[in-house]
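Asker: Handing you a structure now.
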Amino acid sequence: MSPGPEKVRRHSEGGGPDARAMRAELVRQWVGAPRPLDLNRNVTEASSHLEAILEGIGVSGGLDEERVKKAWASLAGEVVARQTEPVSLRRGCLTLRVLQPAMRYHLEQLKPGLLRRLQNELGEGNVTSLRLTIG
């Protein structure tokens, strides 16, 4: 006995839950793994990770380069500011490029006072140490 016209039409349209389950199983076997339910489940915006990335490389916070340079120029004085330049601020360490070894030696002697003044100007948590390089 052959199936009735209703049953044949239902299978050819791919209707019932049995047909969907069978199709899902065939796809799983063909692909080799079950299909993910939600393809966007593991997608996040870069902005949600940006703060952690910046903190990891030591540039989190709110100081901009111009503010650091202006603060250094006003604290160091004209003569010293012409021979030095702030080059980076990472993890609280402000690196200054110094042109002359004699100036570097002089600044090493003044380092505690300069650091204290920079902390007053820029905030204690923003600048925790000074590093002087010749360049």
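Residues in the structure tokens are numbered from 1 in each chain, the chains being A, B, ... in the order shown, and ligands are numbered from 1 in the order shown.
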If you run DSSP on this backbone, which residues of chain A come out as helix (DSSP H, G or I), and could you give them as a PyMOL selection string?

Answerer: chain A and resi 5-12+17-31+47-56+65-76+78-83+101-122

Asker: One decimal, Å: what's the distance from CA of Leu118 in chain A over to CA of Ile57 in chain A, could you say?

Answerer: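 Between CA of Leu118 in chain A and CA of Ile57 in chain A the gap works out to 21.7 Å.
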
Asker: Quick check for you: according to DSSP on this backbone, which residues of range 15-110 of chain A are classed as strand (DSSP E or B)? Reply as a PyMOL selection string.

Answerer: chain A and resi 84-90+93-98

Asker: For CA of Thr133 in chain A and CA of Arg97 in chain A, determine how far apart the two atoms are, in Å to one decimal place.

Answerer: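 According to the coordinates, CA of Thr133 in chain A and CA of Arg97 in chain A are separated by 5.0 Å.
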
Asker: Name all residues at most 12 Å from Leu110 in chain A (count only C-alpha atoms; drop same-chain ones fewer than 3 positions away) and give them as a short mmCIF file (atom, residue, chain, number, x, y, z; two decimals) with C-alpha atoms, in the first residue's frame.

Answerer:
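Output contents, as saved in out_5.cif:
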```
data_model
loop_
_atom_site.label_atom_id
_atom_site.label_comp_id
_atom_site.auth_asym_id
_atom_site.auth_seq_id
_atom_site.Cartn_x
_atom_site.Cartn_y
_atom_site.Cartn_z
CA LEU A 75 59.08 72.51 35.67
CA ALA A 76 62.52 72.03 34.15
CA VAL A 80 67.06 72.30 30.73
CA MET A 103 73.15 67.38 31.62
CA ARG A 104 72.09 63.79 32.29
CA TYR A 105 74.41 63.65 35.32
CA HIS A 106 73.02 66.95 36.58
CA LEU A 107 69.42 65.71 36.18
CA GLY A 113 62.90 66.82 43.35
CA LEU A 114 61.92 66.74 39.66
CA LEU A 115 59.86 63.60 40.20
CA ARG A 116 58.05 65.16 43.15
CA ARG A 117 57.24 68.28 41.12
CA LEU A 130 62.00 59.06 35.79
CA LEU A 132 67.04 59.48 31.57
#
```
